[in-house]
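What follows is a set of notes on a single structure, which appears directly below.
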Amino acid sequence: MNTIQIQKEPFDITAIQEQLRSDNPAIGAVVTFIGQMRDMNEGDQVSNMTLEHYPGMTEKALQVILDEADRRWALMGIRVVHRVGELQPLDPIVIVAVASAHRGEAFQACEFVIDYLKTRAPFWKKERTPEGERWVDARHADAAAEQRWGKGR
Amino acid sequence: MNTIQIQKEPFDITAIQEQLRSDNPAIGAVVTFIGQMRDMNEGDQVSNMTLEHYPGMTEKALQVILDEADRRWALMGIRVVHRVGELQPLDPIVIVAVASAHRGEAFQACEFVIDYLKTRAPFWKKERTPEGERWVDARHADAAAEQRWGKGR
Amino acid sequence: MIEVLFFARLREQLGTAREQLEAAPELLDVGSVIEKLRGRCGVWEEVFGDGQTVLMAVNQQVANLTTPVKDGDEVAFFPQVTGG
Amino acid sequence: MIEVLFFARLREQLGTAREQLEAAPELLDVGSVIEKLRGRCGVWEEVFGDGQTVLMAVNQQVANLTTPVKDGDEVAFFPQVTGG
């Protein structure tokens, strides 16, 4: 019911949402988060980015997050696709799409999944700026966002 | 920057999101809500539905909601498309797509817009069930969802 | 003239979508328009009777019983909304 | 053998992505693996030194210093994650 994909290739936003939403006529709400690359970070221009991950652990970590979302809310499918490798500004990095009968659950679960992904899934961003390459630092905001959800595991 | 459309025709989910997200390389997050027709309501099978609205007032009511969202959060574009007329199960009814630099604001604003739309925009659903046609009753859950946002106007 | 509109369940119950009311000194607010409509008895009394939830708008903005009404205004009555 | 992996900034600082450590009685948990790596001095001492935030996993699950390690395990070290 839930799927997780890590890939170098761009993903097809339409296909992901269409396949999820047309899966079941009991679905009343689909909430989708798309995270995309910004051309600025911490005040510097960013021309491109490389995303590294830990193959194997990434999928396991995401599976744990999706299982927890299913435990907390009555959902009808979650799709997560995350890109790795080279990215340009405006490229989608990640999509999280959640289907449910009612919107409240879909909104909460979608935000929960991306908040946990940001702090628990082993991805690392390296940016290229006019001053050279640099690894992106973890944001305090992400840890705070995750903590909102309380003790989950 | 924000657009509102009321139409009989199906809307193009892809085009709406693509146009919004590629508008500005400072956008880091796009949150999309799609509400679609369910084949069941209040325990009855629903074969199709007619959506009526109040032309003129609908657009004004939605404009007020989007203006309020812009006042509350730092957003980079909102798209609302709502269908009227005949609908079948699985048909998308409404899409609300919100772009922002960061995801927290996009999530909140998207949920705010749909919560207010559900209680303030003049749309009415009439369902066809095996027992005949019936107007859908307003859900208490929608009024409760709206009230979460406090006094906005 | 005051343009009066009815939507959804109200439109069906009343059997009319729109009518023109002659402006008159006693039609000074939405409440007095409702009084006039209710005076027609029958289904009108039912729809606008006590305990019925009827929402109202003047010139396409949400209104209440004390919202003023004047010649040329558009007054609408409808049930609770159920879009989205 | 214990498979040891390094990612992102750590991989670059240490100049290696992966190595095999001989299993040994004293390598009983992640903390003792770190002790051994830190003993190499130079950049190793820096990366695993006090005050550095290094996250760890055993067999692809988040671990901490007291997580047990045995022959055949995969132990990974990496900085705070920044995906999404």
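Here, A, B, ... name the chains of the structure tokens in the order displayed, residue numbers run from 1 inside each chain, and ligands are numbered from 1 in the same displayed order.
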Residue contacts of Ile34 in chain C (7 Å, only C-alpha atoms) excluding same-chain residues fewer than 4 positions away, as a PyMOL selection string: chain C and resi 30+38+48
Transformed chain B, reference chain A, in-order C-alpha pairing, as a CSV table (one decimal) with N, CA and C atoms, in the first residue's frame:
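Written file, out-v5.csv:
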chain,number,residue,atom,x,y,z
B,1,MET,N,0.8,-1.2,-0.1
B,1,MET,CA,0.0,0.0,0.0
B,1,MET,C,0.8,1.3,0.0
B,2,ASN,N,2.0,1.2,0.7
B,2,ASN,CA,2.9,2.4,0.8
B,2,ASN,C,4.1,2.0,-0.1
B,3,THR,N,4.7,3.0,-0.7
B,3,THR,CA,5.9,2.8,-1.5
B,3,THR,C,6.9,3.8,-1.2
B,4,ILE,N,8.2,3.4,-1.3
B,4,ILE,CA,9.3,4.2,-1.1
B,4,ILE,C,10.3,4.0,-2.3
B,5,GLN,N,10.7,5.1,-2.9
B,5,GLN,CA,11.7,5.0,-3.9
B,5,GLN,C,12.8,6.1,-3.8
B,6,ILE,N,14.0,5.6,-4.0
B,6,ILE,CA,15.2,6.5,-4.0
B,6,ILE,C,15.7,6.4,-5.4
B,7,GLN,N,15.9,7.5,-6.0
B,7,GLN,CA,16.4,7.5,-7.4
B,7,GLN,C,17.1,8.7,-7.8
B,8,LYS,N,18.0,8.5,-8.9
B,8,LYS,CA,18.7,9.6,-9.4
B,8,LYS,C,17.9,10.4,-10.4
B,9,GLU,N,17.0,9.7,-11.1
B,9,GLU,CA,16.2,10.3,-12.1
B,9,GLU,C,15.1,11.3,-11.5
B,10,PRO,N,14.7,12.3,-12.3
B,10,PRO,CA,13.5,13.1,-11.9
B,10,PRO,C,12.3,12.2,-11.7
B,11,PHE,N,11.4,12.5,-10.8
B,11,PHE,CA,10.2,11.7,-10.6
B,11,PHE,C,9.0,12.4,-11.2
B,12,ASP,N,8.0,11.6,-11.5
B,12,ASP,CA,6.8,12.1,-12.2
B,12,ASP,C,5.7,12.4,-11.2
B,13,ILE,N,5.7,13.7,-10.9
B,13,ILE,CA,4.7,14.1,-9.8
B,13,ILE,C,3.3,13.7,-10.2
B,14,THR,N,2.9,13.8,-11.4
B,14,THR,CA,1.6,13.5,-11.8
B,14,THR,C,1.3,12.0,-11.6
B,15,ALA,N,2.2,11.2,-12.1
B,15,ALA,CA,1.9,9.8,-12.1
B,15,ALA,C,1.8,9.3,-10.6
B,16,ILE,N,2.6,9.8,-9.8
B,16,ILE,CA,2.6,9.4,-8.4
B,16,ILE,C,1.3,9.8,-7.7
B,17,GLN,N,0.8,11.0,-7.9
B,17,GLN,CA,-0.4,11.4,-7.3
B,17,GLN,C,-1.6,10.7,-8.0
B,18,GLU,N,-1.6,10.6,-9.3
B,18,GLU,CA,-2.7,9.9,-10.0
B,18,GLU,C,-2.9,8.5,-9.6
B,19,GLN,N,-1.8,7.8,-9.5
B,19,GLN,CA,-1.8,6.4,-9.1
B,19,GLN,C,-2.3,6.2,-7.7
B,20,LEU,N,-1.9,7.1,-6.8
B,20,LEU,CA,-2.3,7.1,-5.4
B,20,LEU,C,-3.8,7.4,-5.3
B,21,ARG,N,-4.2,8.5,-5.9
B,21,ARG,CA,-5.6,9.0,-5.7
B,21,ARG,C,-6.7,8.1,-6.4
B,22,SER,N,-6.3,7.5,-7.5
B,22,SER,CA,-7.3,6.7,-8.2
B,22,SER,C,-7.3,5.2,-7.7
B,23,ASP,N,-6.6,5.0,-6.6
B,23,ASP,CA,-6.4,3.6,-6.2
B,23,ASP,C,-7.7,3.1,-5.5
B,24,ASN,N,-8.5,4.0,-5.0
B,24,ASN,CA,-9.6,3.6,-4.1
B,24,ASN,C,-10.7,4.7,-4.0
B,25,PRO,N,-11.9,4.4,-4.4
B,25,PRO,CA,-12.9,5.5,-4.4
B,25,PRO,C,-13.4,5.9,-3.0
B,26,ALA,N,-12.8,5.3,-2.0
B,26,ALA,CA,-13.1,5.8,-0.6
B,26,ALA,C,-12.1,6.9,-0.2
B,27,ILE,N,-11.1,7.2,-1.0
B,27,ILE,CA,-10.2,8.3,-0.8
B,27,ILE,C,-10.9,9.6,-1.0
B,28,GLY,N,-10.9,10.5,0.0
B,28,GLY,CA,-11.5,11.8,-0.1
B,28,GLY,C,-10.5,12.9,-0.2
B,29,ALA,N,-9.3,12.6,0.3
B,29,ALA,CA,-8.3,13.7,0.4
B,29,ALA,C,-6.9,13.1,0.1
B,30,VAL,N,-6.1,13.9,-0.7
B,30,VAL,CA,-4.7,13.6,-1.0
B,30,VAL,C,-3.9,14.8,-0.7
B,31,VAL,N,-3.0,14.7,0.2
B,31,VAL,CA,-2.1,15.8,0.5
B,31,VAL,C,-0.7,15.5,0.1
B,32,THR,N,-0.1,16.4,-0.7
B,32,THR,CA,1.2,16.2,-1.3
B,32,THR,C,2.2,17.3,-0.8
B,33,PHE,N,3.3,16.8,-0.4
B,33,PHE,CA,4.4,17.8,-0.2
B,33,PHE,C,5.5,17.6,-1.2
B,34,ILE,N,5.9,18.7,-1.8
B,34,ILE,CA,7.0,18.6,-2.8
B,34,ILE,C,8.1,19.6,-2.2
B,35,GLY,N,9.2,19.0,-1.9
B,35,GLY,CA,10.4,19.8,-1.5
B,35,GLY,C,11.3,20.0,-2.7
B,36,GLN,N,11.6,21.3,-3.0
B,36,GLN,CA,12.4,21.5,-4.2
B,36,GLN,C,13.6,22.4,-3.9
B,37,MET,N,14.6,22.3,-4.8
B,37,MET,CA,15.9,23.0,-4.5
B,37,MET,C,15.8,24.5,-4.7
B,38,ARG,N,16.2,25.2,-3.7
B,38,ARG,CA,16.2,26.7,-3.7
B,38,ARG,C,17.5,27.2,-4.3
B,39,ASP,N,17.5,28.3,-4.9
B,39,ASP,CA,18.8,28.9,-5.4
B,39,ASP,C,19.6,29.7,-4.4
B,40,MET,N,19.0,29.8,-3.2
B,40,MET,CA,19.7,30.5,-2.1
B,40,MET,C,19.7,29.6,-0.9
B,41,ASN,N,20.7,29.7,-0.1
B,41,ASN,CA,20.7,29.0,1.3
B,41,ASN,C,21.6,29.8,2.2
B,42,GLU,N,21.2,30.2,3.3
B,42,GLU,CA,21.9,30.9,4.3
B,42,GLU,C,22.6,32.2,3.7
B,43,GLY,N,21.8,32.8,2.8
B,43,GLY,CA,22.3,34.0,2.2
B,43,GLY,C,23.2,33.9,1.0
B,44,ASP,N,23.5,32.7,0.6
B,44,ASP,CA,24.4,32.5,-0.5
B,44,ASP,C,23.7,31.9,-1.7
B,45,GLN,N,24.1,32.3,-2.9
B,45,GLN,CA,23.6,31.7,-4.1
B,45,GLN,C,24.1,30.3,-4.2
B,46,VAL,N,23.2,29.4,-4.6
B,46,VAL,CA,23.6,28.0,-4.7
B,46,VAL,C,23.3,27.6,-6.2
B,47,SER,N,24.3,27.1,-6.9
B,47,SER,CA,24.1,26.8,-8.3
B,47,SER,C,23.7,25.4,-8.6
B,48,ASN,N,24.2,24.5,-7.7
B,48,ASN,CA,23.7,23.1,-7.8
B,48,ASN,C,24.0,22.4,-6.5
B,49,MET,N,23.6,21.1,-6.5
B,49,MET,CA,23.7,20.4,-5.2
B,49,MET,C,23.9,18.9,-5.5
B,50,THR,N,24.6,18.2,-4.6
B,50,THR,CA,24.7,16.8,-4.7
B,50,THR,C,24.1,16.2,-3.5
B,51,LEU,N,23.2,15.2,-3.7
B,51,LEU,CA,22.6,14.5,-2.6
B,51,LEU,C,23.1,13.1,-2.4
B,52,GLU,N,23.7,12.8,-1.3
B,52,GLU,CA,24.3,11.5,-1.0
B,52,GLU,C,23.3,10.8,0.0
B,53,HIS,N,23.3,9.5,-0.1
B,53,HIS,CA,22.5,8.8,0.9
B,53,HIS,C,23.2,7.5,1.3
B,54,TYR,N,22.5,6.8,2.2
B,54,TYR,CA,23.1,5.5,2.7
B,54,TYR,C,22.2,4.4,2.2
B,55,PRO,N,22.5,3.8,1.0
B,55,PRO,CA,21.6,2.8,0.5
B,55,PRO,C,21.3,1.7,1.4
B,56,GLY,N,20.1,1.3,1.5
B,56,GLY,CA,19.7,0.2,2.5
B,56,GLY,C,19.2,0.8,3.7
B,57,MET,N,20.0,1.6,4.4
B,57,MET,CA,19.4,2.2,5.6
B,57,MET,C,18.3,3.3,5.3
B,58,THR,N,18.5,4.0,4.2
B,58,THR,CA,17.5,5.0,3.8
B,58,THR,C,16.1,4.4,3.7
B,59,GLU,N,16.0,3.3,3.0
B,59,GLU,CA,14.7,2.6,2.8
B,59,GLU,C,14.2,2.1,4.1
B,60,LYS,N,15.1,1.6,4.9
B,60,LYS,CA,14.6,1.0,6.2
B,60,LYS,C,14.1,2.2,7.1
B,61,ALA,N,14.8,3.3,7.1
B,61,ALA,CA,14.4,4.4,8.0
B,61,ALA,C,13.1,5.0,7.5
B,62,LEU,N,12.9,5.1,6.2
B,62,LEU,CA,11.6,5.6,5.7
B,62,LEU,C,10.5,4.6,6.0
B,63,GLN,N,10.8,3.3,5.9
B,63,GLN,CA,9.8,2.3,6.2
B,63,GLN,C,9.3,2.5,7.6
B,64,VAL,N,10.2,2.7,8.5
B,64,VAL,CA,9.8,2.9,10.0
B,64,VAL,C,8.9,4.1,10.1
B,65,ILE,N,9.2,5.1,9.4
B,65,ILE,CA,8.4,6.4,9.5
B,65,ILE,C,7.0,6.2,8.9
B,66,LEU,N,6.9,5.5,7.8
B,66,LEU,CA,5.6,5.2,7.2
B,66,LEU,C,4.8,4.3,8.1
B,67,ASP,N,5.4,3.3,8.6
B,67,ASP,CA,4.7,2.4,9.5
B,67,ASP,C,4.2,3.1,10.7
B,68,GLU,N,5.0,4.0,11.2
B,68,GLU,CA,4.5,4.8,12.4
B,68,GLU,C,3.3,5.7,12.0
B,69,ALA,N,3.4,6.3,10.8
B,69,ALA,CA,2.3,7.1,10.3
B,69,ALA,C,1.0,6.3,10.2
B,70,ASP,N,1.1,5.1,9.6
B,70,ASP,CA,0.0,4.2,9.5
B,70,ASP,C,-0.6,3.8,10.9
B,71,ARG,N,0.3,3.7,11.9
B,71,ARG,CA,-0.2,3.4,13.2
B,71,ARG,C,-1.0,4.6,13.8
B,72,ARG,N,-0.5,5.8,13.5
B,72,ARG,CA,-1.1,7.0,14.1
B,72,ARG,C,-2.4,7.4,13.5
B,73,TRP,N,-2.5,7.2,12.1
B,73,TRP,CA,-3.7,7.8,11.4
B,73,TRP,C,-4.3,6.7,10.5
B,74,ALA,N,-5.6,6.9,10.2
B,74,ALA,CA,-6.2,6.0,9.2
B,74,ALA,C,-6.0,6.4,7.8
B,75,LEU,N,-5.0,5.8,7.2
B,75,LEU,CA,-4.5,6.3,5.9
B,75,LEU,C,-4.8,5.3,4.8
B,76,MET,N,-4.8,5.7,3.5
B,76,MET,CA,-5.1,4.9,2.4
B,76,MET,C,-4.0,4.9,1.4
B,77,GLY,N,-2.8,5.0,1.9
B,77,GLY,CA,-1.7,5.0,1.0
B,77,GLY,C,-0.7,6.2,1.1
B,78,ILE,N,0.6,5.8,1.1
B,78,ILE,CA,1.6,6.9,1.2
B,78,ILE,C,2.6,6.6,0.1
B,79,ARG,N,3.1,7.6,-0.6
B,79,ARG,CA,4.1,7.5,-1.6
B,79,ARG,C,5.2,8.4,-1.2
B,80,VAL,N,6.5,7.9,-1.2
B,80,VAL,CA,7.6,8.7,-0.9
B,80,VAL,C,8.6,8.5,-2.1
B,81,VAL,N,9.0,9.5,-2.7
B,81,VAL,CA,10.1,9.4,-3.7
B,81,VAL,C,11.1,10.5,-3.4
B,82,HIS,N,12.4,10.1,-3.3
B,82,HIS,CA,13.5,11.0,-2.9
B,82,HIS,C,14.6,10.9,-3.9
B,83,ARG,N,15.0,12.1,-4.5
B,83,ARG,CA,16.1,12.0,-5.4
B,83,ARG,C,17.4,12.0,-4.7
B,84,VAL,N,18.4,11.5,-5.4
B,84,VAL,CA,19.8,11.6,-4.9
B,84,VAL,C,20.7,11.9,-6.2
B,85,GLY,N,21.9,12.3,-5.9
B,85,GLY,CA,22.8,12.7,-7.0
B,85,GLY,C,22.7,14.2,-7.3
B,86,GLU,N,22.9,14.6,-8.6
B,86,GLU,CA,23.0,16.0,-8.9
B,86,GLU,C,21.6,16.7,-9.0
B,87,LEU,N,21.5,17.9,-8.5
B,87,LEU,CA,20.2,18.6,-8.6
B,87,LEU,C,20.5,20.1,-8.9
B,88,GLN,N,19.6,20.7,-9.6
B,88,GLN,CA,19.6,22.1,-9.9
B,88,GLN,C,18.5,22.8,-9.2
B,89,PRO,N,18.6,24.2,-9.0
B,89,PRO,CA,17.5,24.9,-8.5
B,89,PRO,C,16.2,24.6,-9.2
B,90,LEU,N,15.1,24.6,-8.5
B,90,LEU,CA,13.8,24.3,-9.0
B,90,LEU,C,13.5,22.8,-9.2
B,91,ASP,N,14.6,22.0,-9.1
B,91,ASP,CA,14.4,20.5,-9.2
B,91,ASP,C,13.6,20.0,-8.0
B,92,PRO,N,12.6,19.3,-8.1
B,92,PRO,CA,12.0,18.6,-7.0
B,92,PRO,C,13.0,17.6,-6.3
B,93,ILE,N,13.1,17.7,-5.0
B,93,ILE,CA,14.0,16.8,-4.3
B,93,ILE,C,13.2,15.6,-3.7
B,94,VAL,N,12.1,15.9,-3.2
B,94,VAL,CA,11.3,14.8,-2.5
B,94,VAL,C,9.8,15.1,-2.7
B,95,ILE,N,9.1,14.0,-2.8
B,95,ILE,CA,7.6,14.1,-2.8
B,95,ILE,C,7.1,13.1,-1.8
B,96,VAL,N,6.2,13.6,-1.0
B,96,VAL,CA,5.4,12.8,0.0
B,96,VAL,C,4.0,13.0,-0.3
B,97,ALA,N,3.3,11.9,-0.7
B,97,ALA,CA,1.9,12.0,-1.0
B,97,ALA,C,1.1,11.1,-0.1
B,98,VAL,N,0.1,11.6,0.5
B,98,VAL,CA,-0.7,10.8,1.5
B,98,VAL,C,-2.2,10.8,1.2
B,99,ALA,N,-2.8,9.7,1.1
B,99,ALA,CA,-4.3,9.6,0.8
B,99,ALA,C,-5.0,9.1,2.1
B,100,SER,N,-6.2,9.7,2.3
B,100,SER,CA,-7.0,9.3,3.4
B,100,SER,C,-8.5,9.6,3.0
B,101,ALA,N,-9.4,9.1,3.9
B,101,ALA,CA,-10.8,9.4,3.7
B,101,ALA,C,-11.1,10.9,3.9
B,102,HIS,N,-10.4,11.5,4.9
B,102,HIS,CA,-10.7,12.9,5.3
B,102,HIS,C,-9.4,13.6,5.4
B,103,ARG,N,-9.5,14.9,5.2
B,103,ARG,CA,-8.3,15.7,5.0
B,103,ARG,C,-7.4,15.9,6.2
B,104,GLY,N,-8.0,16.0,7.4
B,104,GLY,CA,-7.2,16.2,8.6
B,104,GLY,C,-6.1,15.2,8.8
B,105,GLU,N,-6.5,13.9,8.6
B,105,GLU,CA,-5.5,12.9,8.7
B,105,GLU,C,-4.4,12.9,7.7
B,106,ALA,N,-4.8,13.2,6.4
B,106,ALA,CA,-3.8,13.3,5.3
B,106,ALA,C,-2.8,14.5,5.6
B,107,PHE,N,-3.3,15.6,6.0
B,107,PHE,CA,-2.4,16.7,6.3
B,107,PHE,C,-1.4,16.4,7.4
B,108,GLN,N,-2.0,15.8,8.5
B,108,GLN,CA,-1.1,15.5,9.6
B,108,GLN,C,0.0,14.5,9.3
B,109,ALA,N,-0.5,13.4,8.6
B,109,ALA,CA,0.4,12.3,8.3
B,109,ALA,C,1.5,12.8,7.3
B,110,CYS,N,1.1,13.6,6.3
B,110,CYS,CA,2.1,14.1,5.3
B,110,CYS,C,3.2,15.0,6.0
B,111,GLU,N,2.7,15.8,6.9
B,111,GLU,CA,3.7,16.7,7.6
B,111,GLU,C,4.6,15.9,8.5
B,112,PHE,N,4.0,14.9,9.2
B,112,PHE,CA,4.7,14.0,10.1
B,112,PHE,C,5.8,13.3,9.3
B,113,VAL,N,5.5,12.7,8.1
B,113,VAL,CA,6.5,12.0,7.3
B,113,VAL,C,7.6,12.9,6.9
B,114,ILE,N,7.3,14.0,6.4
B,114,ILE,CA,8.5,14.9,6.0
B,114,ILE,C,9.3,15.4,7.1
B,115,ASP,N,8.6,15.7,8.3
B,115,ASP,CA,9.4,16.2,9.4
B,115,ASP,C,10.3,15.1,9.9
B,116,TYR,N,9.9,13.8,9.9
B,116,TYR,CA,10.7,12.7,10.4
B,116,TYR,C,11.8,12.4,9.4
B,117,LEU,N,11.4,12.5,8.1
B,117,LEU,CA,12.4,12.2,7.0
B,117,LEU,C,13.6,13.2,7.2
B,118,LYS,N,13.3,14.4,7.5
B,118,LYS,CA,14.3,15.5,7.5
B,118,LYS,C,15.3,15.2,8.7
B,119,THR,N,14.9,14.5,9.7
B,119,THR,CA,15.8,14.3,10.8
B,119,THR,C,16.3,12.8,11.0
B,120,ARG,N,15.6,11.9,10.3
B,120,ARG,CA,15.9,10.5,10.6
B,120,ARG,C,16.4,9.7,9.3
B,121,ALA,N,16.2,10.2,8.2
B,121,ALA,CA,16.6,9.5,7.0
B,121,ALA,C,17.9,9.9,6.5
B,122,PRO,N,18.8,9.0,6.3
B,122,PRO,CA,20.3,9.3,6.0
B,122,PRO,C,20.5,9.9,4.6
B,123,PHE,N,20.2,11.1,4.5
B,123,PHE,CA,20.5,11.9,3.2
B,123,PHE,C,21.4,13.1,3.6
B,124,TRP,N,22.3,13.4,2.8
B,124,TRP,CA,23.1,14.6,3.0
B,124,TRP,C,23.3,15.4,1.8
B,125,LYS,N,23.1,16.7,2.0
B,125,LYS,CA,23.2,17.7,0.8
B,125,LYS,C,24.5,18.4,0.8
B,126,LYS,N,25.1,18.5,-0.4
B,126,LYS,CA,26.3,19.3,-0.5
B,126,LYS,C,26.0,20.3,-1.6
B,127,GLU,N,26.2,21.6,-1.2
B,127,GLU,CA,25.9,22.7,-2.1
B,127,GLU,C,27.1,23.2,-2.8
B,128,ARG,N,26.9,23.7,-4.0
B,128,ARG,CA,28.0,24.5,-4.7
B,128,ARG,C,27.6,25.9,-4.8
B,129,THR,N,28.4,26.8,-4.1
B,129,THR,CA,28.2,28.2,-4.1
B,129,THR,C,29.4,28.9,-4.8
B,130,PRO,N,29.3,30.2,-5.0
B,130,PRO,CA,30.4,30.9,-5.6
B,130,PRO,C,31.7,30.8,-4.8
B,131,GLU,N,31.6,30.5,-3.5
B,131,GLU,CA,32.8,30.3,-2.6
B,131,GLU,C,33.2,28.8,-2.6
B,132,GLY,N,32.6,28.0,-3.4
B,132,GLY,CA,33.0,26.6,-3.4
B,132,GLY,C,31.9,25.6,-2.9
B,133,GLU,N,32.3,24.4,-2.6
B,133,GLU,CA,31.4,23.4,-2.2
B,133,GLU,C,31.3,23.4,-0.7
B,134,ARG,N,30.1,23.0,-0.1
B,134,ARG,CA,30.0,22.9,1.3
B,134,ARG,C,28.9,21.9,1.7
B,135,TRP,N,29.0,21.2,2.7
B,135,TRP,CA,28.0,20.4,3.2
B,135,TRP,C,27.0,21.2,4.0
B,136,VAL,N,25.7,20.9,3.7
B,136,VAL,CA,24.6,21.7,4.4
B,136,VAL,C,24.5,21.3,5.8
B,137,ASP,N,24.4,22.2,6.7
B,137,ASP,CA,24.2,21.9,8.2
B,137,ASP,C,22.8,21.6,8.5
B,138,ALA,N,22.6,20.7,9.4
B,138,ALA,CA,21.2,20.4,9.9
B,138,ALA,C,20.6,21.6,10.5
B,139,ARG,N,19.3,21.8,10.2
B,139,ARG,CA,18.7,23.0,10.7
B,139,ARG,C,18.0,22.7,12.0
B,140,HIS,N,18.2,23.6,12.9
B,140,HIS,CA,17.5,23.5,14.2
B,140,HIS,C,16.0,23.4,14.0
B,141,ALA,N,15.5,24.1,13.0
B,141,ALA,CA,14.0,24.1,12.7
B,141,ALA,C,13.5,22.7,12.5
B,142,ASP,N,14.4,21.9,11.8
B,142,ASP,CA,13.9,20.5,11.5
B,142,ASP,C,13.8,19.7,12.8
B,143,ALA,N,14.8,19.8,13.7
B,143,ALA,CA,14.7,19.1,15.0
B,143,ALA,C,13.4,19.5,15.7
B,144,ALA,N,13.2,20.8,15.7
B,144,ALA,CA,12.0,21.3,16.4
B,144,ALA,C,10.7,20.8,15.8
B,145,ALA,N,10.7,20.8,14.5
B,145,ALA,CA,9.5,20.3,13.8
B,145,ALA,C,9.2,18.8,14.2
B,146,GLU,N,10.3,18.1,14.2
B,146,GLU,CA,10.1,16.6,14.6
B,146,GLU,C,9.6,16.5,16.0
B,147,GLN,N,10.1,17.3,16.9
B,147,GLN,CA,9.8,17.1,18.3
B,147,GLN,C,8.3,17.4,18.6
B,148,ARG,N,7.7,18.2,17.7
B,148,ARG,CA,6.2,18.5,17.9
B,148,ARG,C,5.4,17.2,18.0
B,149,TRP,N,5.9,16.1,17.3
B,149,TRP,CA,5.1,14.9,17.1
B,149,TRP,C,5.2,14.0,18.4
B,150,GLY,N,6.0,14.4,19.3
B,150,GLY,CA,6.1,13.6,20.6
B,150,GLY,C,6.9,12.3,20.4
B,151,LYS,N,6.9,11.6,21.4
B,151,LYS,CA,7.7,10.3,21.4
B,151,LYS,C,6.9,9.3,20.5
B,152,GLY,N,7.5,9.0,19.4
B,152,GLY,CA,6.8,8.1,18.5
B,152,GLY,C,7.3,6.7,18.5
B,153,ARG,N,8.6,6.5,18.9
B,153,ARG,CA,9.1,5.2,18.8
B,153,ARG,C,9.9,4.8,20.1
Residue list for chain D near chain A as a PyMOL selection string, 6 Å, only C-alpha atoms: chain D and resi 60+80-84
DSSP strand (DSSP E or B) residues within chain A, listed as a PyMOL selection string: chain A and resi 3-7+29-36+40-41+44-45+48-53+75-83+85-87+92-100+123-129+132-135
d(CA of Leu28 in chain D, CA of Lys70 in chain D) in Å: 6.6 Å
Surrounding residues of Ser32 in chain D excluding itself and chain neighbours under 6 positions, 9 Å, only C-alpha atoms, as a list in words: Glu26, Leu65 and Thr66 of chain D
With C-alpha atoms retained, write the just-selected residues as a PDB file, in the first residue's frame.
ATOM      1  CA  GLU D  26      37.485  -5.608  22.662  1.00  0.00           C
ATOM      2  CA  LEU D  65      27.720   4.223  21.817  1.00  0.00           C
ATOM      3  CA  THR D  66      26.486   1.217  23.780  1.00  0.00           C
TER       4      THR D  66
END
